[in-house]
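Participant: What follows is the file protein_20.cif, containing mmCIF, C-alpha atoms and all ligand atoms:
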```cif
data_query
loop_
_atom_site.label_atom_id
_atom_site.label_comp_id
_atom_site.auth_asym_id
_atom_site.auth_seq_id
_atom_site.Cartn_x
_atom_site.Cartn_y
_atom_site.Cartn_z
CA MET I 1 23.63 -3.60 -8.39
CA TRP I 2 22.45 -0.54 -6.47
CA ILE I 3 25.75 0.02 -4.63
CA PHE I 4 27.47 0.89 -7.92
CA GLY I 5 24.92 3.62 -8.51
CA TRP I 6 24.79 3.53 -12.30
CA LYS I 7 22.63 6.37 -13.53
CA GLY I 8 19.70 5.67 -15.83
CA PRO I 9 18.27 7.95 -18.55
CA SER I 10 16.57 10.12 -15.91
CA GLY I 11 19.99 11.06 -14.55
CA PHE I 12 19.18 9.30 -11.27
CA SER I 13 20.21 5.94 -9.90
CA ALA I 14 19.34 3.47 -7.18
CA ARG I 15 21.58 5.50 -4.88
CA SER I 16 19.73 8.76 -5.44
CA THR I 17 17.94 10.09 -2.39
CA ALA I 18 14.46 11.59 -2.13
CA GLU I 19 15.99 15.04 -1.68
CA GLU I 20 18.20 14.63 -4.74
CA VAL I 21 15.40 13.59 -7.10
CA THR I 22 13.25 16.52 -5.97
CA GLU I 23 15.96 19.17 -5.83
CA GLY I 24 14.74 22.46 -7.27
CA ILE I 25 11.11 21.30 -7.49
CA ASP I 26 8.58 23.69 -5.99
CA ALA I 27 5.57 21.76 -4.73
CA THR I 28 3.95 24.79 -3.10
CA GLY I 29 0.22 24.79 -3.75
CA LEU I 30 0.05 21.02 -4.17
CA THR I 31 -1.86 18.82 -1.74
CA ALA I 32 -0.82 15.20 -1.32
CA ILE I 33 -2.10 12.20 0.60
CA VAL I 34 0.46 9.60 1.70
CA THR I 35 -0.86 6.32 3.08
CA GLY I 36 1.28 4.46 5.62
CA ALA I 37 3.14 7.62 6.54
CA THR I 38 4.10 6.45 10.04
CA SER I 39 6.89 4.06 9.16
CA GLY I 40 9.62 3.30 6.66
CA ILE I 41 9.41 4.80 3.21
CA GLY I 42 6.22 6.72 4.00
CA VAL I 43 8.03 8.80 6.62
CA ASP I 44 10.60 10.25 4.26
CA THR I 45 8.01 10.59 1.51
CA THR I 46 6.03 12.86 3.86
CA ARG I 47 9.08 14.78 5.04
CA VAL I 48 10.42 15.54 1.56
CA LEU I 49 6.99 16.46 0.14
CA ALA I 50 6.67 18.94 3.02
CA LEU I 51 10.22 20.16 2.47
CA ARG I 52 9.31 20.97 -1.15
CA GLY I 53 6.27 22.93 0.01
CA ALA I 54 3.39 20.50 -0.51
CA HIS I 55 0.54 20.28 1.98
CA VAL I 56 0.71 16.65 3.12
CA VAL I 57 -2.11 14.64 4.63
CA MET I 58 -0.73 11.63 6.46
CA ALA I 59 -3.29 8.83 6.14
CA VAL I 60 -2.37 6.52 8.98
CA ARG I 61 -3.90 3.82 11.14
CA ASN I 62 -2.03 4.95 14.25
CA VAL I 63 -2.95 8.60 14.73
CA GLU I 64 -0.74 9.05 17.81
CA ALA I 65 2.32 7.86 15.86
CA GLY I 66 1.28 10.17 13.02
CA LYS I 67 1.08 13.18 15.33
CA LYS I 68 4.53 12.43 16.78
CA LEU I 69 6.01 12.22 13.32
CA LYS I 70 4.29 15.46 12.33
CA GLU I 71 5.91 17.16 15.34
CA SER I 72 9.36 15.87 14.47
CA ILE I 73 9.01 17.05 10.87
CA LEU I 74 7.81 20.46 12.09
CA ASN I 75 10.91 20.70 14.28
CA GLU I 76 13.04 20.26 11.19
CA ILE I 77 10.82 22.20 8.75
CA PRO I 78 8.81 24.82 10.69
CA SER I 79 6.93 25.88 7.54
CA ALA I 80 5.69 22.31 6.85
CA LYS I 81 1.95 21.95 6.23
CA ILE I 82 0.94 18.54 7.55
CA ASP I 83 -2.34 17.02 8.70
CA VAL I 84 -2.92 13.61 10.20
CA MET I 85 -6.05 11.59 9.44
CA GLN I 86 -7.00 8.08 10.42
CA LEU I 87 -7.14 5.36 7.78
CA GLU I 88 -7.26 1.60 8.32
CA LEU I 89 -6.88 0.18 4.84
CA SER I 90 -7.99 -3.35 5.66
CA SER I 91 -11.45 -2.07 6.56
CA MET I 92 -13.67 -0.66 3.83
CA ALA I 93 -15.74 1.15 6.45
CA SER I 94 -12.60 2.98 7.60
CA VAL I 95 -11.61 3.83 4.02
CA ARG I 96 -15.10 5.22 3.36
CA LYS I 97 -14.97 7.25 6.59
CA PHE I 98 -11.57 8.67 5.68
CA ALA I 99 -12.72 9.61 2.16
CA SER I 100 -15.93 11.26 3.34
CA GLU I 101 -14.05 13.28 5.98
CA TYR I 102 -11.46 14.29 3.39
CA ILE I 103 -14.13 15.36 0.91
CA ALA I 104 -15.97 17.25 3.68
CA SER I 105 -12.75 19.13 4.48
CA CYS I 106 -12.92 20.67 0.95
CA LEU I 107 -9.17 20.22 0.54
CA PRO I 108 -7.99 19.83 -3.03
CA LEU I 109 -6.02 16.72 -4.01
CA ASN I 110 -3.19 16.77 -6.53
CA ILE I 111 -1.18 13.72 -5.50
CA LEU I 112 -2.23 10.40 -4.02
CA ILE I 113 0.60 8.12 -2.92
CA ASN I 114 -0.73 4.67 -2.10
CA ASN I 115 2.29 3.58 -0.11
CA ALA I 116 1.07 1.57 2.91
CA GLY I 117 1.58 -2.15 2.85
CA ILE I 118 2.10 -5.35 4.78
CA MET I 119 4.25 -8.30 3.79
CA ALA I 120 3.88 -12.01 4.36
CA PRO I 121 1.73 -12.33 7.50
CA PRO I 122 0.21 -15.71 8.34
CA PHE I 123 -3.16 -16.26 6.67
CA SER I 124 -6.01 -14.18 8.05
CA LEU I 125 -9.09 -12.39 6.79
CA SER I 126 -9.76 -8.65 6.92
CA PRO I 127 -12.85 -7.31 8.73
CA ASP I 128 -14.57 -7.54 5.32
CA GLY I 129 -13.62 -11.21 4.92
CA ILE I 130 -10.81 -10.75 2.35
CA GLU I 131 -7.30 -12.26 2.63
CA LEU I 132 -5.42 -9.61 4.60
CA GLN I 133 -2.59 -8.75 2.17
CA PHE I 134 -4.94 -8.45 -0.80
CA ALA I 135 -7.36 -6.43 1.35
CA THR I 136 -4.71 -4.03 2.71
CA ASN I 137 -2.31 -3.65 -0.19
CA HIS I 138 -4.85 -3.67 -3.02
CA VAL I 139 -8.56 -3.45 -2.11
CA GLY I 140 -8.16 -0.65 0.46
CA HIS I 141 -6.14 1.44 -1.99
CA PHE I 142 -8.49 0.60 -4.86
CA LEU I 143 -11.47 1.86 -2.85
CA LEU I 144 -9.59 4.91 -1.57
CA THR I 145 -8.56 5.91 -5.10
CA HIS I 146 -12.09 5.31 -6.38
CA LEU I 147 -13.64 7.52 -3.68
CA LEU I 148 -11.11 10.35 -4.10
CA LEU I 149 -11.03 10.40 -7.89
CA ASP I 150 -13.72 13.06 -8.32
CA THR I 151 -11.84 15.34 -5.91
CA MET I 152 -8.65 14.77 -7.90
CA LYS I 153 -10.44 15.47 -11.20
CA LYS I 154 -11.92 18.69 -9.83
CA THR I 155 -8.50 19.77 -8.51
CA ALA I 156 -6.78 18.99 -11.83
CA ARG I 157 -9.45 20.96 -13.72
CA GLU I 158 -9.47 23.98 -11.44
CA SER I 159 -5.71 24.19 -10.86
CA ASN I 160 -4.80 23.23 -14.41
CA ARG I 161 -2.06 21.06 -12.90
CA GLU I 162 -1.59 17.38 -13.65
CA GLY I 163 -2.83 15.08 -10.89
CA ARG I 164 -0.68 12.07 -10.07
CA ILE I 165 -1.66 8.74 -8.54
CA VAL I 166 1.28 6.65 -7.38
CA LEU I 167 0.93 2.98 -6.49
CA VAL I 168 3.82 1.58 -4.48
CA SER I 169 4.26 -1.98 -5.69
CA SER I 170 7.36 -4.15 -5.34
CA ASP I 171 9.73 -6.37 -7.29
CA GLY I 172 8.13 -8.93 -4.99
CA HIS I 173 5.43 -9.08 -7.69
CA LYS I 174 7.73 -11.67 -9.30
CA PHE I 175 7.00 -14.12 -6.45
CA ALA I 176 3.25 -14.10 -7.11
CA TYR I 177 1.31 -17.27 -7.92
CA ASN I 178 1.90 -18.36 -11.55
CA GLU I 179 -1.40 -16.81 -12.68
CA GLY I 180 -0.35 -13.46 -11.17
CA ILE I 181 -3.64 -13.02 -9.37
CA ARG I 182 -5.89 -15.92 -8.37
CA LEU I 183 -9.17 -14.14 -8.77
CA ASP I 184 -11.06 -17.36 -8.06
CA LYS I 185 -8.95 -18.27 -5.00
CA ILE I 186 -8.26 -15.03 -3.14
CA ASN I 187 -9.39 -16.53 0.17
CA ASN I 188 -8.09 -20.06 -0.31
CA GLU I 189 -6.33 -20.77 2.98
CA ALA I 190 -5.28 -24.31 2.03
CA GLU I 191 -3.11 -23.02 -0.85
CA TYR I 192 -2.01 -19.82 0.88
CA ASN I 193 1.67 -18.99 0.66
CA CYS I 194 2.46 -15.74 2.46
CA TYR I 195 5.15 -14.59 -0.03
CA ARG I 196 3.16 -15.56 -3.10
CA ALA I 197 0.14 -13.78 -1.69
CA TYR I 198 2.30 -10.67 -1.09
CA GLY I 199 3.49 -10.94 -4.71
CA GLN I 200 -0.12 -11.28 -5.84
CA SER I 201 -1.11 -8.08 -4.02
CA LYS I 202 1.84 -6.28 -5.63
CA VAL I 203 0.86 -7.51 -9.12
CA ALA I 204 -2.54 -6.02 -8.27
CA ASN I 205 -0.91 -2.62 -7.55
CA ILE I 206 0.78 -2.66 -10.97
CA LEU I 207 -2.36 -3.72 -12.84
CA HIS I 208 -4.52 -1.25 -10.90
CA ALA I 209 -2.26 1.61 -12.08
CA LYS I 210 -2.27 0.26 -15.64
CA GLU I 211 -6.04 -0.03 -15.99
CA LEU I 212 -6.69 3.22 -14.13
CA ALA I 213 -4.26 5.00 -16.47
CA ARG I 214 -6.06 3.54 -19.49
CA ARG I 215 -9.42 4.74 -18.19
CA LEU I 216 -8.13 8.23 -17.32
CA LYS I 217 -6.60 8.59 -20.79
CA GLU I 218 -9.85 7.45 -22.41
CA GLU I 219 -11.74 10.04 -20.36
CA GLY I 220 -9.21 12.74 -21.27
CA VAL I 221 -8.56 13.54 -17.62
CA ASN I 222 -5.36 15.35 -16.62
CA ILE I 223 -4.33 12.72 -14.05
CA THR I 224 -1.68 10.03 -14.41
CA ALA I 225 -1.40 6.69 -12.62
CA ASN I 226 1.87 4.78 -12.30
CA SER I 227 3.37 2.05 -10.14
CA LEU I 228 6.88 1.43 -8.87
CA HIS I 229 9.35 -0.67 -6.96
CA PRO I 230 11.03 1.47 -4.25
CA GLY I 231 14.09 -0.77 -3.90
CA GLU I 232 15.11 -3.12 -1.10
CA ILE I 233 14.93 -0.79 1.87
CA ALA I 234 15.64 -1.31 5.57
CA THR I 235 12.17 -0.71 7.06
CA ASN I 236 9.69 -2.48 9.33
CA LEU I 237 8.08 -4.26 6.39
CA ALA I 238 9.70 -7.59 7.23
CA ARG I 239 8.22 -7.61 10.73
CA ASN I 240 6.35 -10.82 9.94
CA ASN I 241 9.38 -12.89 9.04
CA GLY I 242 12.91 -13.52 10.21
CA LEU I 243 14.68 -11.46 7.55
CA LEU I 244 15.11 -8.34 9.64
CA ASN I 245 13.68 -9.63 12.87
CA GLY I 246 16.65 -9.51 15.20
CA ASN I 247 14.68 -11.31 17.93
CA ILE I 248 15.38 -14.62 16.30
CA TYR I 249 18.92 -15.25 17.52
CA ALA I 250 19.78 -17.83 14.89
CA HIS I 251 19.03 -15.32 12.14
CA GLN I 252 20.81 -12.36 13.73
CA CYS I 253 24.18 -12.71 12.06
CA LEU I 254 22.73 -13.36 8.63
CA ASP I 255 20.24 -10.55 9.12
CA SER I 256 22.92 -7.98 9.85
CA ILE I 257 24.70 -8.92 6.62
CA LYS I 258 21.43 -8.65 4.69
CA LEU I 259 20.65 -5.37 6.46
CA SER I 260 23.93 -3.87 5.29
CA MET I 261 22.95 -4.76 1.71
CA LEU I 262 19.70 -2.83 1.98
CA ARG I 263 19.23 0.76 1.00
CA ARG I 264 18.37 3.48 3.46
CA VAL I 265 14.90 4.93 3.75
CA ILE I 266 16.01 8.25 2.18
CA GLN I 267 16.78 6.25 -0.95
CA GLY I 268 13.60 4.20 -0.63
CA ALA I 269 11.39 7.28 -0.91
CA ALA I 270 13.22 8.55 -4.00
CA THR I 271 11.35 6.66 -6.71
CA GLN I 272 7.88 7.52 -5.43
CA LEU I 273 8.80 11.18 -5.09
CA TYR I 274 10.32 11.15 -8.56
CA VAL I 275 7.08 9.73 -9.96
CA ALA I 276 4.92 12.08 -7.87
CA LEU I 277 6.77 15.34 -8.50
CA HIS I 278 9.38 15.27 -11.24
CA PRO I 279 8.68 17.20 -14.48
CA GLN I 280 10.27 14.35 -16.50
CA VAL I 281 7.27 12.21 -15.57
CA LYS I 282 4.70 14.71 -16.86
CA GLY I 283 2.16 12.95 -19.08
CA VAL I 284 3.64 9.50 -18.42
CA SER I 285 0.90 7.11 -17.30
CA GLY I 286 0.34 3.38 -16.89
CA GLU I 287 4.07 2.73 -16.45
CA PHE I 288 6.28 1.01 -13.89
CA PHE I 289 9.32 2.70 -12.33
CA LYS I 290 12.39 1.53 -10.47
CA ASP I 291 15.47 3.39 -9.21
CA SER I 292 13.84 6.70 -10.30
CA ASN I 293 13.78 5.50 -13.90
CA LEU I 294 11.20 4.03 -16.24
CA SER I 295 11.31 0.24 -16.07
CA LYS I 296 9.13 -2.78 -16.84
CA PRO I 297 7.36 -5.25 -14.56
CA GLY I 298 9.22 -8.54 -14.42
CA THR I 299 6.50 -11.04 -15.27
CA ALA I 300 3.90 -11.57 -17.98
CA PRO I 301 0.86 -11.36 -15.64
CA ALA I 302 2.06 -7.99 -14.34
CA GLN I 303 1.92 -6.69 -17.93
CA ASP I 304 -1.32 -8.40 -18.87
CA GLU I 305 -3.92 -5.82 -19.94
CA GLU I 306 -6.71 -8.39 -19.96
CA LEU I 307 -5.91 -9.42 -16.38
CA ALA I 308 -5.86 -5.71 -15.45
CA LYS I 309 -9.43 -5.35 -16.75
CA GLN I 310 -10.55 -8.51 -14.93
CA LEU I 311 -8.96 -7.25 -11.69
CA TRP I 312 -10.76 -3.94 -12.14
CA ASP I 313 -14.17 -5.62 -12.48
CA PHE I 314 -13.40 -8.00 -9.61
CA SER I 315 -12.33 -5.13 -7.33
CA MET I 316 -15.37 -3.02 -8.26
CA LYS I 317 -17.62 -5.93 -7.26
CA MET I 318 -15.73 -6.29 -3.97
CA ILE I 319 -16.07 -2.63 -3.02
CA LYS I 320 -19.75 -2.55 -3.99
CA LYS I 321 -20.57 -5.54 -1.75
CA GLN I 322 -19.61 -3.69 1.43
N1 LIG I 401 11.01 -1.95 2.30
C1 LIG I 401 11.21 -2.56 1.15
O1 LIG I 401 12.29 -3.13 0.90
C2 LIG I 401 10.13 -2.59 0.11
C3 LIG I 401 10.39 -3.24 -1.09
C4 LIG I 401 9.41 -3.27 -2.07
C5 LIG I 401 8.20 -2.65 -1.85
N2 LIG I 401 7.96 -2.02 -0.67
C6 LIG I 401 6.64 -1.39 -0.47
O2 LIG I 401 6.81 -0.12 0.10
C7 LIG I 401 5.63 0.24 0.84
C8 LIG I 401 6.04 0.81 2.20
O3 LIG I 401 6.66 -0.22 2.94
P1 LIG I 401 7.80 0.03 4.04
O4 LIG I 401 8.95 -0.77 3.61
O5 LIG I 401 7.94 1.46 4.31
O6 LIG I 401 7.12 -0.76 5.27
P2 LIG I 401 6.80 -0.33 6.77
O7 LIG I 401 7.96 0.32 7.39
O8 LIG I 401 6.27 -1.58 7.38
O9 LIG I 401 5.62 0.74 6.61
C9 LIG I 401 4.35 0.34 6.15
C10 LIG I 401 3.34 1.40 6.48
O10 LIG I 401 2.04 0.91 6.07
C11 LIG I 401 1.14 1.08 7.17
N3 LIG I 401 0.08 0.09 7.16
C12 LIG I 401 0.18 -1.25 7.21
N4 LIG I 401 -1.03 -1.82 7.24
C13 LIG I 401 -1.93 -0.80 7.22
C14 LIG I 401 -3.33 -0.73 7.26
N5 LIG I 401 -4.08 -1.83 7.35
N6 LIG I 401 -3.94 0.47 7.22
C15 LIG I 401 -3.20 1.60 7.15
N7 LIG I 401 -1.86 1.61 7.12
C16 LIG I 401 -1.23 0.42 7.17
C17 LIG I 401 2.02 0.92 8.41
O11 LIG I 401 1.35 1.45 9.54
P3 LIG I 401 1.86 1.12 11.02
O12 LIG I 401 3.08 1.98 11.24
O13 LIG I 401 0.70 1.51 11.87
O14 LIG I 401 2.17 -0.34 11.07
C18 LIG I 401 3.24 1.70 7.97
O15 LIG I 401 3.04 3.08 8.16
C19 LIG I 401 4.79 -1.04 0.93
O16 LIG I 401 3.72 -0.95 0.01
C20 LIG I 401 5.74 -2.14 0.50
O17 LIG I 401 5.10 -3.22 -0.10
C21 LIG I 401 8.91 -1.97 0.32
#
```
Mind converting the file's structure to structure tokens?
Ligand SMILES: NC(=O)c1ccc[n+]([C@@H]2O[C@H](COP(=O)([O-])OP(=O)(O)OC[C@H]3O[C@@H](n4cnc5c(N)ncnc54)[C@H](OP(=O)(O)O)[C@@H]3O)[C@@H](O)[C@H]2O)c1
Facilitator:
Amino acid sequence: MWIFGWKGPSGFSARSTAEEVTEGIDATGLTAIVTGATSGIGVDTTRVLALRGAHVVMAVRNVEAGKKLKESILNEIPSAKIDVMQLELSSMASVRKFASEYIASCLPLNILINNAGIMAPPFSLSPDGIELQFATNHVGHFLLTHLLLDTMKKTARESNREGRIVLVSSDGHKFAYNEGIRLDKINNEAEYNCYRAYGQSKVANILHAKELARRLKEEGVNITANSLHPGEIATNLARNNGLLNGNIYAHQCLDSIKLSMLRRVIQGAATQLYVALHPQVKGVSGEFFKDSNLSKPGTAPAQDEELAKQLWDFSMKMIKKQ
């Protein structure tokens, strides 16, 4: 139980904050992209990366919100190096535009934190005709990572510093359909269950990191790829259901009890910053983290190497179609 704050082998616990897990780490000279940096966990991820000296590129769909957040971080940390760039993950055209602008900027890239996500909306299709959670949480990040990988490889080579790709998954992967990922039924509206589809997209994050890590190791590239569960954090993620939506009067009382059980955002950003920056994680790749400690995914499909390979091929076909 997170409130007891038992420390794991890393010396950190579910109560550790993003500042605590990065204390003493100098990220000067590192460049990081954070997707979904305008809300929730992404906000503190950006702030603490900047606090430690990294140059942060906020990849956001709402540029105005991104600029406001940049200003507020600059008020707190005048030396912060932050850029804001537009990225709509549910649209492959937007992801391609972002990647080509990033590459054209000639910025290096040491750290990619694929953090953005949506949870449990009613069924709909992305502009590319893919179920929206799978499109946003997995396919958009898969394409983004694919397009930025050469930049990351070049940066790792030239800087002689390990590159790190961080996939923000969820313990919600346990609620996925029994098969983990229904590769043959991604767009099946009749059998759509919003929570199971969220779980499916989060299994995809775990398997994406696993297969990417395997490929990077095989290639001998100095880049790691890991996934994680950030904890149960009070953010806007539940905007599509009644859990934290105080507008539904009948749920208000229950919601405030649940809310008090959730962790704060400064704790929610801890695990991804631990995985992105901490020296203890050097050379660790293809793993799953929780509470700033090494952990294991909770279901067989989320550990299935064969499914990871199938997902890779399936995703490659998807991104090549558009
Ligand atoms: N909070 C939790 O308890 C919890 C638990 C497990 C896992 N997670 C994971 O943690 C990550 C961050 O979630 P959060 O809790 O911080 O949620 P949040 O407060 O809702 O933030 C999500 C971020 O993703 C962005 N986003 C959503 N759809 C996008 C799209 N199509 N293109 C670009 N950006 C998009 C949002 O942008 P806008 O601001 O423009 O909407 C927002 O910045 C997610 O991957 C989530 O699955 C969270």
Participant: As an exercise, work out the distance from CA of Ile41 in chain I to atom C6 of ligand LIG 401 (chain I) in Å and give it to one decimal place.
Facilitator: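 Rounded to one decimal, the two atoms are 7.7 Å apart.
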Participant: Sorted by chain and rising residue number, which residues of range 100-142 of chain I lie within 10 Å of range 88-95 of chain I, and what are their closest atom pairs and distances in Å to one decimal, counting all atoms listed in the file, as JSON lines?
Facilitator:
```
{"residue": "I:Ser100", "atom": "CA", "partner": "I:Val95", "partner_atom": "CA", "distance": 8.6}
{"residue": "I:Glu101", "atom": "CA", "partner": "I:Val95", "partner_atom": "CA", "distance": 10.0}
{"residue": "I:Ala116", "atom": "CA", "partner": "I:Leu89", "partner_atom": "CA", "distance": 8.3}
{"residue": "I:Gly117", "atom": "CA", "partner": "I:Leu89", "partner_atom": "CA", "distance": 9.0}
{"residue": "I:Leu125", "atom": "CA", "partner": "I:Ser90", "partner_atom": "CA", "distance": 9.2}
{"residue": "I:Ser126", "atom": "CA", "partner": "I:Ser90", "partner_atom": "CA", "distance": 5.7}
{"residue": "I:Pro127", "atom": "CA", "partner": "I:Ser91", "partner_atom": "CA", "distance": 5.8}
{"residue": "I:Asp128", "atom": "CA", "partner": "I:Ser91", "partner_atom": "CA", "distance": 6.4}
{"residue": "I:Gly129", "atom": "CA", "partner": "I:Ser91", "partner_atom": "CA", "distance": 9.5}
{"residue": "I:Ile130", "atom": "CA", "partner": "I:Ser90", "partner_atom": "CA", "distance": 8.6}
{"residue": "I:Glu131", "atom": "CA", "partner": "I:Ser90", "partner_atom": "CA", "distance": 9.4}
{"residue": "I:Leu132", "atom": "CA", "partner": "I:Ser90", "partner_atom": "CA", "distance": 6.8}
{"residue": "I:Gln133", "atom": "CA", "partner": "I:Ser90", "partner_atom": "CA", "distance": 8.4}
{"residue": "I:Phe134", "atom": "CA", "partner": "I:Ser90", "partner_atom": "CA", "distance": 8.8}
{"residue": "I:Ala135", "atom": "CA", "partner": "I:Ser90", "partner_atom": "CA", "distance": 5.3}
{"residue": "I:Thr136", "atom": "CA", "partner": "I:Ser90", "partner_atom": "CA", "distance": 4.5}
{"residue": "I:Asn137", "atom": "CA", "partner": "I:Leu89", "partner_atom": "CA", "distance": 7.8}
{"residue": "I:His138", "atom": "CA", "partner": "I:Leu89", "partner_atom": "CA", "distance": 9.0}
{"residue": "I:Val139", "atom": "CA", "partner": "I:Ser90", "partner_atom": "CA", "distance": 7.8}
{"residue": "I:Gly140", "atom": "CA", "partner": "I:Leu89", "partner_atom": "CA", "distance": 4.6}
{"residue": "I:His141", "atom": "CA", "partner": "I:Leu89", "partner_atom": "CA", "distance": 7.0}
{"residue": "I:Phe142", "atom": "CA", "partner": "I:Leu89", "partner_atom": "CA", "distance": 9.8}
```
Participant: Show me, as a list of chain:residue names, the residues that have an atom within 9 Å of Thr151 in chain I when counting all atoms listed in the file, minus same-chain residues fewer than 6 positions from it.
Facilitator: I:Ile103, I:Cys106, I:Leu107, I:Pro108, I:Leu109, I:Asn110
Participant: When you draw a straight line from CA of Gly231 in chain I to CA of Gly40 in chain I, how long is it in Å?
Facilitator: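 It comes out at 12.2 Å.
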Participant: Report as CSV the residues of chain I within 6 Å of ligand LIG 401 (chain I), each with its shortest atom pair and distance in Å (one decimal), using only C-alpha atoms and all ligand atoms, ordered by chain and increasing residue number.
Facilitator:
```
residue,atom,partner,partner_atom,distance
I:Gly36,CA,I:LIG401,O15,3.4
I:Ala37,CA,I:LIG401,O15,4.8
I:Thr38,CA,I:LIG401,O15,4.0
I:Ser39,CA,I:LIG401,O15,4.1
I:Gly40,CA,I:LIG401,O5,3.4
I:Ile41,CA,I:LIG401,O5,3.8
I:Gly42,CA,I:LIG401,O5,5.5
I:Val60,CA,I:LIG401,N7,5.3
I:Arg61,CA,I:LIG401,C15,4.6
I:Asn62,CA,I:LIG401,O13,5.0
I:Leu87,CA,I:LIG401,C15,5.5
I:Glu88,CA,I:LIG401,N6,3.7
I:Leu89,CA,I:LIG401,N6,3.8
I:Ser90,CA,I:LIG401,N5,4.5
I:Asn115,CA,I:LIG401,O16,4.8
I:Ala116,CA,I:LIG401,O10,3.4
I:Gly117,CA,I:LIG401,O16,3.8
I:Ile118,CA,I:LIG401,C12,5.1
I:Thr136,CA,I:LIG401,N5,5.2
I:Val168,CA,I:LIG401,O16,5.2
I:Ser169,CA,I:LIG401,C5,5.5
I:Ser170,CA,I:LIG401,C5,3.9
I:His229,CA,I:LIG401,C4,5.5
I:Pro230,CA,I:LIG401,C4,5.5
I:Gly231,CA,I:LIG401,C3,5.3
I:Glu232,CA,I:LIG401,O1,3.5
I:Ile233,CA,I:LIG401,O1,3.7
I:Ala234,CA,I:LIG401,N1,5.7
I:Thr235,CA,I:LIG401,O7,4.3
I:Asn236,CA,I:LIG401,O7,3.8
I:Leu237,CA,I:LIG401,O8,3.4
```
Participant: When distances are computed from all atoms listed in the file, which of I:Glu179, I:Glu211, I:Asp83, I:Asp150 shows the smallest separation from Lys309 in chain I?
Facilitator: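 Result for the nearest residue to Lys309 in chain I: I:Glu211.
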